[in-house]
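Q: To start, I am sharing the structure in question, which I have written as structure tokens.
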Amino acid sequence: MTLVELHVEINRVADALEKIVFLLEKLVFPPTNPPVSVQQSTLDDLHIVTPQDHQRNLEEQAAFAERYRVVPGSEAFTYALQLWEEEQRSIYGEAWEAPQDWRTIFAAAERSDRAHRESPAAAAAETADRT
């Protein structure tokens, strides 16, 4: 007569016991916190965004969106901005960093487009495409 018949895979039991031991170790010996670096703030760290700054930023985003024919704040806008950044990195190298304000972005895009339209190679390429 058999009261209990037990079928167990030893690998699964061993894995479960290892997990239990790991969790118990975490409870008994909590991990140490990494050292926190504290630095004094300076006046450079302070910046108040005024309503005029916010309005200017929105206008610059609208100008960039109009130039690339996308809606400001949309996924297409984000994608156009990423493409523009990739283009700038391919032109100026991987060390290039995006400017912090939209006016600079829009001015750079305008210069890039104007240079492309005025270059003789671009004109020759456009003429070759038409024929």
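Naming works like this for the structure tokens: A, B, ... for the chains as they're shown, residue 1 at the start of each chain, ligands 1 onward in shown order.
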Can you list, as a VMD selection string, all residues belonging to segment 48-103 of chain A that DSSP tags as helix (DSSP H, G or I)?

A: chain A and resid 51 to 68 75 to 92 102 to 103

Q: Convert the current residue selection to file output with C-alpha atoms, as an mmCIF file, in the first residue's frame.

A:
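In the end it all went to again-v6.cif:
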data_model
loop_
_atom_site.group_PDB
_atom_site.id
_atom_site.type_symbol
_atom_site.label_atom_id
_atom_site.label_comp_id
_atom_site.auth_asym_id
_atom_site.auth_seq_id
_atom_site.Cartn_x
_atom_site.Cartn_y
_atom_site.Cartn_z
ATOM 1 C CA PRO A 51 5.939 82.363 -21.778
ATOM 2 C CA GLN A 52 7.854 84.241 -24.506
ATOM 3 C CA ASP A 53 10.443 81.438 -24.668
ATOM 4 C CA HIS A 54 7.674 78.878 -24.916
ATOM 5 C CA GLN A 55 5.902 80.824 -27.688
ATOM 6 C CA ARG A 56 9.172 81.277 -29.604
ATOM 7 C CA ASN A 57 9.863 77.543 -29.317
ATOM 8 C CA LEU A 58 6.393 76.724 -30.669
ATOM 9 C CA GLU A 59 6.860 79.143 -33.579
ATOM 10 C CA GLU A 60 10.236 77.617 -34.444
ATOM 11 C CA GLN A 61 8.779 74.111 -34.307
ATOM 12 C CA ALA A 62 5.960 75.248 -36.587
ATOM 13 C CA ALA A 63 8.491 76.713 -39.046
ATOM 14 C CA PHE A 64 10.503 73.467 -39.046
ATOM 15 C CA ALA A 65 7.303 71.449 -39.491
ATOM 16 C CA GLU A 66 6.159 73.664 -42.354
ATOM 17 C CA ARG A 67 9.521 73.311 -44.066
ATOM 18 C CA TYR A 68 9.385 69.515 -43.908
ATOM 19 C CA GLU A 75 5.434 60.974 -35.119
ATOM 20 C CA ALA A 76 6.250 62.283 -38.595
ATOM 21 C CA PHE A 77 7.707 65.439 -37.017
ATOM 22 C CA THR A 78 9.915 63.334 -34.738
ATOM 23 C CA TYR A 79 10.981 61.190 -37.687
ATOM 24 C CA ALA A 80 11.802 64.285 -39.810
ATOM 25 C CA LEU A 81 13.868 65.680 -36.948
ATOM 26 C CA GLN A 82 15.743 62.381 -36.565
ATOM 27 C CA LEU A 83 16.455 62.293 -40.305
ATOM 28 C CA TRP A 84 17.695 65.864 -40.156
ATOM 29 C CA GLU A 85 20.014 65.004 -37.243
ATOM 30 C CA GLU A 86 21.343 61.944 -39.103
ATOM 31 C CA GLU A 87 21.966 64.108 -42.158
ATOM 32 C CA GLN A 88 23.870 66.638 -40.034
ATOM 33 C CA ARG A 89 25.959 63.859 -38.486
ATOM 34 C CA SER A 90 26.795 62.494 -41.932
ATOM 35 C CA ILE A 91 27.883 65.980 -43.025
ATOM 36 C CA TYR A 92 29.693 67.188 -39.901
ATOM 37 C CA TRP A 102 14.769 75.558 -32.882
ATOM 38 C CA ARG A 103 15.899 78.803 -34.495
#
